[in-house]
$ cat entry-v8.cif   # mmCIF, N, CA and C atoms
data_model
loop_
_atom_site.label_atom_id
_atom_site.label_comp_id
_atom_site.auth_asym_id
_atom_site.auth_seq_id
_atom_site.Cartn_x
_atom_site.Cartn_y
_atom_site.Cartn_z
N MET M 1 4.33 6.63 29.36
CA MET M 1 4.25 5.57 30.36
C MET M 1 2.81 5.47 30.86
N SER M 2 2.32 4.26 31.03
CA SER M 2 0.95 4.04 31.49
C SER M 2 0.83 4.32 32.98
N PRO M 3 -0.33 4.78 33.41
CA PRO M 3 -0.53 5.04 34.84
C PRO M 3 -0.62 3.73 35.63
N GLN M 4 -0.29 3.81 36.88
CA GLN M 4 -0.41 2.64 37.76
C GLN M 4 -1.82 2.63 38.34
N LEU M 5 -2.46 1.47 38.30
CA LEU M 5 -3.82 1.29 38.79
C LEU M 5 -3.86 0.16 39.80
N CYS M 6 -5.00 0.01 40.44
CA CYS M 6 -5.26 -1.16 41.28
C CYS M 6 -5.87 -2.24 40.38
N LEU M 7 -5.69 -3.47 40.74
CA LEU M 7 -6.25 -4.58 39.97
C LEU M 7 -7.76 -4.41 39.79
N THR M 8 -8.44 -3.88 40.79
CA THR M 8 -9.89 -3.71 40.73
C THR M 8 -10.32 -2.67 39.71
N ASP M 9 -9.40 -1.84 39.22
CA ASP M 9 -9.73 -0.83 38.21
C ASP M 9 -9.85 -1.41 36.81
N LEU M 10 -9.35 -2.63 36.60
CA LEU M 10 -9.40 -3.24 35.27
C LEU M 10 -10.83 -3.62 34.92
N GLN M 11 -11.17 -3.44 33.66
CA GLN M 11 -12.47 -3.81 33.14
C GLN M 11 -12.33 -5.13 32.36
N PRO M 12 -13.42 -5.88 32.20
CA PRO M 12 -13.34 -7.14 31.45
C PRO M 12 -12.69 -6.95 30.08
N GLY M 13 -11.72 -7.83 29.78
CA GLY M 13 -10.98 -7.75 28.53
C GLY M 13 -9.71 -6.93 28.62
N GLN M 14 -9.55 -6.17 29.67
CA GLN M 14 -8.37 -5.32 29.82
C GLN M 14 -7.22 -6.13 30.42
N ARG M 15 -6.02 -5.91 29.89
CA ARG M 15 -4.82 -6.60 30.35
C ARG M 15 -3.89 -5.63 31.07
N ALA M 16 -3.06 -6.20 31.96
CA ALA M 16 -2.10 -5.39 32.70
C ALA M 16 -0.98 -6.28 33.19
N THR M 17 0.06 -5.67 33.72
CA THR M 17 1.13 -6.42 34.37
C THR M 17 1.22 -5.96 35.81
N VAL M 18 1.48 -6.88 36.69
CA VAL M 18 1.59 -6.58 38.12
C VAL M 18 2.88 -5.79 38.36
N THR M 19 2.76 -4.73 39.16
CA THR M 19 3.95 -3.95 39.52
C THR M 19 4.31 -4.11 40.99
N ALA M 20 3.32 -4.31 41.86
CA ALA M 20 3.62 -4.45 43.29
C ALA M 20 2.42 -5.01 44.04
N LEU M 21 2.72 -5.66 45.16
CA LEU M 21 1.69 -6.11 46.11
C LEU M 21 1.86 -5.27 47.37
N ARG M 22 0.77 -4.62 47.79
CA ARG M 22 0.83 -3.82 49.01
C ARG M 22 0.24 -4.56 50.21
N THR M 23 -0.18 -5.78 50.02
CA THR M 23 -0.81 -6.55 51.08
C THR M 23 0.25 -7.28 51.91
N THR M 24 -0.14 -7.70 53.10
CA THR M 24 0.79 -8.40 53.99
C THR M 24 0.12 -9.66 54.53
N GLY M 25 0.88 -10.42 55.27
CA GLY M 25 0.34 -11.58 55.98
C GLY M 25 -0.09 -12.71 55.08
N SER M 26 -1.15 -13.41 55.50
CA SER M 26 -1.57 -14.62 54.80
C SER M 26 -2.10 -14.32 53.40
N MET M 27 -2.73 -13.16 53.19
CA MET M 27 -3.22 -12.83 51.85
C MET M 27 -2.04 -12.64 50.90
N ARG M 28 -0.98 -12.00 51.34
CA ARG M 28 0.21 -11.84 50.50
C ARG M 28 0.77 -13.22 50.13
N ARG M 29 0.84 -14.12 51.10
CA ARG M 29 1.34 -15.46 50.86
C ARG M 29 0.49 -16.18 49.82
N ARG M 30 -0.83 -16.06 49.91
CA ARG M 30 -1.73 -16.71 48.95
C ARG M 30 -1.52 -16.17 47.54
N LEU M 31 -1.38 -14.85 47.44
CA LEU M 31 -1.18 -14.24 46.13
C LEU M 31 0.16 -14.67 45.52
N LEU M 32 1.18 -14.72 46.34
CA LEU M 32 2.48 -15.18 45.86
C LEU M 32 2.42 -16.65 45.45
N ASP M 33 1.67 -17.45 46.20
CA ASP M 33 1.54 -18.88 45.89
C ASP M 33 0.89 -19.14 44.53
N ILE M 34 -0.02 -18.25 44.10
CA ILE M 34 -0.65 -18.43 42.78
C ILE M 34 0.18 -17.79 41.68
N GLY M 35 1.34 -17.24 42.04
CA GLY M 35 2.25 -16.68 41.04
C GLY M 35 2.03 -15.22 40.74
N LEU M 36 1.35 -14.51 41.60
CA LEU M 36 1.09 -13.09 41.38
C LEU M 36 2.27 -12.28 41.92
N ILE M 37 3.30 -12.17 41.07
CA ILE M 37 4.51 -11.44 41.42
C ILE M 37 4.72 -10.33 40.39
N ALA M 38 5.70 -9.47 40.63
CA ALA M 38 5.99 -8.38 39.70
C ALA M 38 6.20 -8.92 38.28
N HIS M 39 5.69 -8.19 37.32
CA HIS M 39 5.79 -8.48 35.89
C HIS M 39 4.88 -9.61 35.42
N THR M 40 4.02 -10.12 36.29
CA THR M 40 3.07 -11.16 35.88
C THR M 40 1.94 -10.53 35.07
N PRO M 41 1.67 -11.05 33.88
CA PRO M 41 0.54 -10.53 33.11
C PRO M 41 -0.79 -11.03 33.70
N VAL M 42 -1.77 -10.16 33.73
CA VAL M 42 -3.11 -10.52 34.20
C VAL M 42 -4.14 -9.95 33.22
N GLU M 43 -5.28 -10.61 33.17
CA GLU M 43 -6.38 -10.11 32.34
C GLU M 43 -7.67 -10.24 33.12
N CYS M 44 -8.47 -9.19 33.14
CA CYS M 44 -9.78 -9.25 33.76
C CYS M 44 -10.70 -9.97 32.78
N VAL M 45 -11.26 -11.09 33.21
CA VAL M 45 -12.13 -11.87 32.33
C VAL M 45 -13.60 -11.71 32.69
N GLY M 46 -13.90 -11.06 33.79
CA GLY M 46 -15.29 -10.82 34.14
C GLY M 46 -15.47 -10.30 35.54
N LYS M 47 -16.62 -9.70 35.75
CA LYS M 47 -17.00 -9.21 37.09
C LYS M 47 -18.35 -9.80 37.43
N SER M 48 -18.56 -10.04 38.70
CA SER M 48 -19.86 -10.56 39.11
C SER M 48 -20.92 -9.48 38.87
N PRO M 49 -22.19 -9.85 38.86
CA PRO M 49 -23.25 -8.86 38.61
C PRO M 49 -23.21 -7.66 39.56
N TRP M 50 -22.74 -7.85 40.77
CA TRP M 50 -22.66 -6.74 41.72
C TRP M 50 -21.26 -6.15 41.77
N GLY M 51 -20.36 -6.63 40.91
CA GLY M 51 -19.02 -6.07 40.80
C GLY M 51 -17.98 -6.66 41.73
N ASP M 52 -18.36 -7.58 42.59
CA ASP M 52 -17.39 -8.15 43.52
C ASP M 52 -17.76 -9.60 43.81
N PRO M 53 -16.92 -10.57 43.58
CA PRO M 53 -15.53 -10.45 43.14
C PRO M 53 -15.43 -10.33 41.63
N SER M 54 -14.20 -10.15 41.15
CA SER M 54 -13.89 -10.14 39.72
C SER M 54 -13.02 -11.35 39.42
N ALA M 55 -13.08 -11.80 38.17
CA ALA M 55 -12.29 -12.96 37.75
C ALA M 55 -11.12 -12.49 36.89
N PHE M 56 -9.94 -13.05 37.16
CA PHE M 56 -8.73 -12.66 36.45
C PHE M 56 -8.01 -13.89 35.94
N LEU M 57 -7.49 -13.79 34.73
CA LEU M 57 -6.67 -14.86 34.16
C LEU M 57 -5.23 -14.58 34.61
N ILE M 58 -4.70 -15.51 35.42
CA ILE M 58 -3.36 -15.37 35.97
C ILE M 58 -2.63 -16.69 35.74
N ARG M 59 -1.59 -16.64 34.92
CA ARG M 59 -0.77 -17.82 34.64
C ARG M 59 -1.60 -19.03 34.20
N GLY M 60 -2.59 -18.78 33.34
CA GLY M 60 -3.39 -19.87 32.78
C GLY M 60 -4.56 -20.32 33.63
N ALA M 61 -4.74 -19.73 34.80
CA ALA M 61 -5.86 -20.10 35.68
C ALA M 61 -6.75 -18.88 35.90
N VAL M 62 -8.04 -19.11 35.99
CA VAL M 62 -8.97 -18.03 36.30
C VAL M 62 -9.15 -18.00 37.82
N ILE M 63 -8.85 -16.86 38.41
CA ILE M 63 -8.88 -16.68 39.86
C ILE M 63 -9.84 -15.55 40.20
N ALA M 64 -10.75 -15.79 41.14
CA ALA M 64 -11.65 -14.74 41.62
C ALA M 64 -10.96 -14.00 42.77
N ILE M 65 -10.94 -12.68 42.66
CA ILE M 65 -10.31 -11.86 43.69
C ILE M 65 -11.30 -10.78 44.13
N ARG M 66 -11.49 -10.68 45.45
CA ARG M 66 -12.40 -9.67 46.01
C ARG M 66 -11.82 -8.27 45.81
N ALA M 67 -12.68 -7.29 45.68
CA ALA M 67 -12.25 -5.90 45.52
C ALA M 67 -11.38 -5.46 46.68
N GLN M 68 -11.72 -5.88 47.88
CA GLN M 68 -10.96 -5.54 49.07
C GLN M 68 -9.49 -5.96 48.92
N ASP M 69 -9.25 -7.12 48.33
CA ASP M 69 -7.88 -7.62 48.13
C ASP M 69 -7.25 -7.04 46.87
N GLY M 70 -8.05 -6.84 45.84
CA GLY M 70 -7.54 -6.31 44.57
C GLY M 70 -7.02 -4.89 44.66
N ARG M 71 -7.52 -4.13 45.64
CA ARG M 71 -7.04 -2.75 45.82
C ARG M 71 -5.59 -2.70 46.25
N ASP M 72 -5.08 -3.81 46.80
CA ASP M 72 -3.69 -3.86 47.25
C ASP M 72 -2.74 -4.45 46.20
N ILE M 73 -3.25 -4.69 45.01
CA ILE M 73 -2.43 -5.21 43.92
C ILE M 73 -2.31 -4.10 42.87
N LEU M 74 -1.10 -3.58 42.71
CA LEU M 74 -0.87 -2.50 41.75
C LEU M 74 -0.48 -3.09 40.40
N VAL M 75 -1.07 -2.51 39.34
CA VAL M 75 -0.81 -2.99 37.98
C VAL M 75 -0.59 -1.81 37.04
N THR M 76 0.06 -2.10 35.92
CA THR M 76 0.21 -1.14 34.84
C THR M 76 -0.53 -1.70 33.64
N PRO M 77 -1.54 -0.99 33.15
CA PRO M 77 -2.31 -1.51 32.01
C PRO M 77 -1.45 -1.65 30.76
N LEU M 78 -1.76 -2.66 29.95
CA LEU M 78 -1.12 -2.83 28.66
C LEU M 78 -2.01 -2.18 27.62
N GLU M 79 -1.40 -1.55 26.66
CA GLU M 79 -2.17 -0.93 25.59
C GLU M 79 -2.70 -2.01 24.68
N GLU M 80 -3.82 -1.74 24.03
CA GLU M 80 -4.43 -2.72 23.13
C GLU M 80 -3.42 -3.18 22.09
N GLY M 81 -3.29 -4.50 21.96
CA GLY M 81 -2.39 -5.08 20.96
C GLY M 81 -0.93 -5.08 21.36
N ALA M 82 -0.60 -4.51 22.54
CA ALA M 82 0.79 -4.45 22.97
C ALA M 82 1.16 -5.70 23.75
N GLY M 83 2.34 -6.18 23.53
CA GLY M 83 2.85 -7.31 24.32
C GLY M 83 2.24 -8.63 23.92
N THR M 84 2.86 -9.67 24.38
CA THR M 84 2.37 -11.02 24.13
C THR M 84 2.25 -11.75 25.45
N TRP M 85 1.44 -12.78 25.47
CA TRP M 85 1.30 -13.61 26.67
C TRP M 85 2.29 -14.75 26.56
N ASP M 86 3.07 -14.94 27.59
CA ASP M 86 4.05 -16.03 27.60
C ASP M 86 3.46 -17.27 28.20
#
$ encode --input "entry-v8.cif" --output "structure tokens"
Amino acid sequence: MSPQLCLTDLQPGQRATVTALRTTGSMRRRLLDIGLIAHTPVECVGKSPWGDPSAFLIRGAVIAIRAQDGRDILVTPLEEGAGTWD
């Protein structure tokens, strides 16, 4: 079984699936509104030169998420070549 990480731990090109959101309030609502729920596949597509924010492919859209917010999003990395994108 793969270890559980924070979204901010993903490196460009790395894929994962969301396992839980630990955030509350308006930020939780925003994340849910963009479809970031359990079992959602995500891919890190890039990091800014200073590492914050990072860009993630979520449900066909590229979304920038700050490290402060990404630490509250738990993911399980997918192994290379494992799984398909729906």
$ select_by_dssp --input "entry-v8.cif" --residues "chain M" --states "helix (DSSP H, G or I)" --output "ChimeraX atom specification"
/M:7-9,25-33,67-70
$ residues_around --input "entry-v8.cif" --residues "region 14-16 of chain M" --least-positions-apart "2" --cutoff "7 Å" --atoms "all atoms listed in the file" --output "PyMOL selection string"
chain M and resi 10-12+18+40-45+75-79
$ closest_atom_pairs --input "entry-v8.cif" --of "region 45-82 of chain M" --to "region 20-23 of chain M" --cutoff "7 Å" --atoms "only C-alpha atoms" --output "tab-separated table"
residue	atom	partner	partner_atom	distance
M:Asp72	CA	M:Arg22	CA	4.9
M:Ile73	CA	M:Leu21	CA	4.8
M:Leu74	CA	M:Ala20	CA	5.1
$ write_last_selection --input "entry-v8.cif" --atoms "N, CA and C atoms" --output "compact mmCIF listing (two decimals), keeping the file's coordinate frame"
# COMPACT_ATOMS: atom_id res chain seq x y z
N ASP M 72 -5.08 -3.81 46.80
CA ASP M 72 -3.69 -3.86 47.25
C ASP M 72 -2.74 -4.45 46.20
N ILE M 73 -3.25 -4.69 45.01
CA ILE M 73 -2.43 -5.21 43.92
C ILE M 73 -2.31 -4.10 42.87
N LEU M 74 -1.10 -3.58 42.71
CA LEU M 74 -0.87 -2.50 41.75
C LEU M 74 -0.48 -3.09 40.40
$ closest_residue --input "entry-v8.cif" --among "M:Pro3, M:Gly46, M:Gly35, M:Gly13" --to "Arg59 (chain M)" --atoms "only N, CA and C atoms"
M:Gly35
$ resolve_selection --input "entry-v8.cif" --expression "the PyMOL selection byres ((chain M and resi 64) around 7)" --output "MDAnalysis selection string"
chainID M and resid 53:56 62:63 65:66
$ write_last_selection --input "entry-v8.cif" --atoms "N, CA and C atoms" --output "compact mmCIF listing (two decimals), in the frame of the given file"
# COMPACT_ATOMS: atom_id res chain seq x y z
N PRO M 53 -16.92 -10.57 43.58
CA PRO M 53 -15.53 -10.45 43.14
C PRO M 53 -15.43 -10.33 41.63
N SER M 54 -14.20 -10.15 41.15
CA SER M 54 -13.89 -10.14 39.72
C SER M 54 -13.02 -11.35 39.42
N ALA M 55 -13.08 -11.80 38.17
CA ALA M 55 -12.29 -12.96 37.75
C ALA M 55 -11.12 -12.49 36.89
N PHE M 56 -9.94 -13.05 37.16
CA PHE M 56 -8.73 -12.66 36.45
C PHE M 56 -8.01 -13.89 35.94
N VAL M 62 -8.04 -19.11 35.99
CA VAL M 62 -8.97 -18.03 36.30
C VAL M 62 -9.15 -18.00 37.82
N ILE M 63 -8.85 -16.86 38.41
CA ILE M 63 -8.88 -16.68 39.86
C ILE M 63 -9.84 -15.55 40.20
N ILE M 65 -10.94 -12.68 42.66
CA ILE M 65 -10.31 -11.86 43.69
C ILE M 65 -11.30 -10.78 44.13
N ARG M 66 -11.49 -10.68 45.45
CA ARG M 66 -12.40 -9.67 46.01
C ARG M 66 -11.82 -8.27 45.81
$ atom_distance --input "entry-v8.cif" --atom1 "CA of Leu5 (chain M)" --atom2 "CA of Asp69 (chain M)"
13.5 Å
$ residues_around --input "entry-v8.cif" --residues "Gly70 (chain M)" --least-positions-apart "6" --cutoff "6 Å" --atoms "all atoms listed in the file" --output "list in words"
Cys6, Leu7 and Thr8 of chain M
$ atom_distance --input "entry-v8.cif" --atom1 "CA of Leu57 (chain M)" --atom2 "atom N of Ala38 (chain M)"
15.0 Å
$ select_by_dssp --input "entry-v8.cif" --residues "region 14-82 of chain M" --states "strand (DSSP E)" --output "list of chain:residue names"
M:Arg15, M:Ala16, M:Thr17, M:Val18, M:Thr19, M:Ala20, M:Leu21, M:Pro41, M:Val42, M:Glu43, M:Cys44, M:Val45, M:Gly46, M:Lys47, M:Ser54, M:Ala55, M:Phe56, M:Leu57, M:Ile58, M:Ala61, M:Val62, M:Ile63, M:Ala64, M:Ile65, M:Ile73, M:Leu74, M:Val75, M:Thr76, M:Pro77
$ atom_distance --input "entry-v8.cif" --atom1 "CA of Thr17 (chain M)" --atom2 "atom N of Ala67 (chain M)"
17.9 Å
$ decode --input "entry-v8.cif" --residues "region 58-79 of chain M" --atoms "N, CA and C atoms" --output "mmCIF file, in the first residue's frame"
data_model
loop_
_atom_site.group_PDB
_atom_site.id
_atom_site.type_symbol
_atom_site.label_atom_id
_atom_site.label_comp_id
_atom_site.auth_asym_id
_atom_site.auth_seq_id
_atom_site.Cartn_x
_atom_site.Cartn_y
_atom_site.Cartn_z
ATOM 1 N N ILE M 58 -6.693 18.904 -12.169
ATOM 2 C CA ILE M 58 -7.812 18.361 -11.405
ATOM 3 C C ILE M 58 -9.047 18.405 -12.293
ATOM 4 N N ARG M 59 -9.560 17.239 -12.644
ATOM 5 C CA ARG M 59 -10.777 17.132 -13.462
ATOM 6 C C ARG M 59 -10.694 17.958 -14.751
ATOM 7 N N GLY M 60 -9.532 17.909 -15.403
ATOM 8 C CA GLY M 60 -9.371 18.579 -16.692
ATOM 9 C C GLY M 60 -8.994 20.044 -16.620
ATOM 10 N N ALA M 61 -8.874 20.599 -15.426
ATOM 11 C CA ALA M 61 -8.498 22.011 -15.268
ATOM 12 C C ALA M 61 -7.192 22.103 -14.474
ATOM 13 N N VAL M 62 -6.367 23.058 -14.828
ATOM 14 C CA VAL M 62 -5.143 23.290 -14.080
ATOM 15 C C VAL M 62 -5.444 24.334 -13.003
ATOM 16 N N ILE M 63 -5.209 23.963 -11.758
ATOM 17 C CA ILE M 63 -5.531 24.797 -10.605
ATOM 18 C C ILE M 63 -4.255 25.045 -9.804
ATOM 19 N N ALA M 64 -3.990 26.298 -9.470
ATOM 20 C CA ALA M 64 -2.853 26.641 -8.610
ATOM 21 C C ALA M 64 -3.309 26.574 -7.155
ATOM 22 N N ILE M 65 -2.546 25.853 -6.349
ATOM 23 C CA ILE M 65 -2.874 25.707 -4.933
ATOM 24 C C ILE M 65 -1.646 26.062 -4.106
ATOM 25 N N ARG M 66 -1.842 26.949 -3.133
ATOM 26 C CA ARG M 66 -0.751 27.361 -2.246
ATOM 27 C C ARG M 66 -0.339 26.202 -1.340
ATOM 28 N N ALA M 67 0.922 26.175 -0.956
ATOM 29 C CA ALA M 67 1.434 25.128 -0.065
ATOM 30 C C ALA M 67 0.655 25.107 1.243
ATOM 31 N N GLN M 68 0.312 26.265 1.751
ATOM 32 C CA GLN M 68 -0.443 26.375 3.000
ATOM 33 C C GLN M 68 -1.758 25.589 2.911
ATOM 34 N N ASP M 69 -2.417 25.634 1.759
ATOM 35 C CA ASP M 69 -3.685 24.919 1.569
ATOM 36 C C ASP M 69 -3.451 23.466 1.170
ATOM 37 N N GLY M 70 -2.408 23.213 0.403
ATOM 38 C CA GLY M 70 -2.108 21.860 -0.058
ATOM 39 C C GLY M 70 -1.724 20.906 1.057
ATOM 40 N N ARG M 71 -1.213 21.445 2.160
ATOM 41 C CA ARG M 71 -0.846 20.591 3.304
ATOM 42 C C ARG M 71 -2.066 19.947 3.944
ATOM 43 N N ASP M 72 -3.244 20.518 3.707
ATOM 44 C CA ASP M 72 -4.477 19.973 4.281
ATOM 45 C C ASP M 72 -5.217 19.026 3.335
ATOM 46 N N ILE M 73 -4.596 18.711 2.212
ATOM 47 C CA ILE M 73 -5.188 17.780 1.249
ATOM 48 C C ILE M 73 -4.331 16.518 1.255
ATOM 49 N N LEU M 74 -4.905 15.420 1.726
ATOM 50 C CA LEU M 74 -4.170 14.162 1.796
ATOM 51 C C LEU M 74 -4.386 13.368 0.520
ATOM 52 N N VAL M 75 -3.289 12.785 0.013
ATOM 53 C CA VAL M 75 -3.338 12.016 -1.230
ATOM 54 C C VAL M 75 -2.554 10.724 -1.075
ATOM 55 N N THR M 76 -2.869 9.768 -1.942
ATOM 56 C CA THR M 76 -2.103 8.534 -2.048
ATOM 57 C C THR M 76 -1.496 8.510 -3.440
ATOM 58 N N PRO M 77 -0.167 8.479 -3.530
ATOM 59 C CA PRO M 77 0.477 8.496 -4.847
ATOM 60 C C PRO M 77 0.123 7.255 -5.664
ATOM 61 N N LEU M 78 0.033 7.438 -6.980
ATOM 62 C CA LEU M 78 -0.150 6.320 -7.894
ATOM 63 C C LEU M 78 1.214 5.900 -8.393
ATOM 64 N N GLU M 79 1.398 4.625 -8.535
ATOM 65 C CA GLU M 79 2.669 4.129 -9.053
ATOM 66 C C GLU M 79 2.735 4.411 -10.542
#
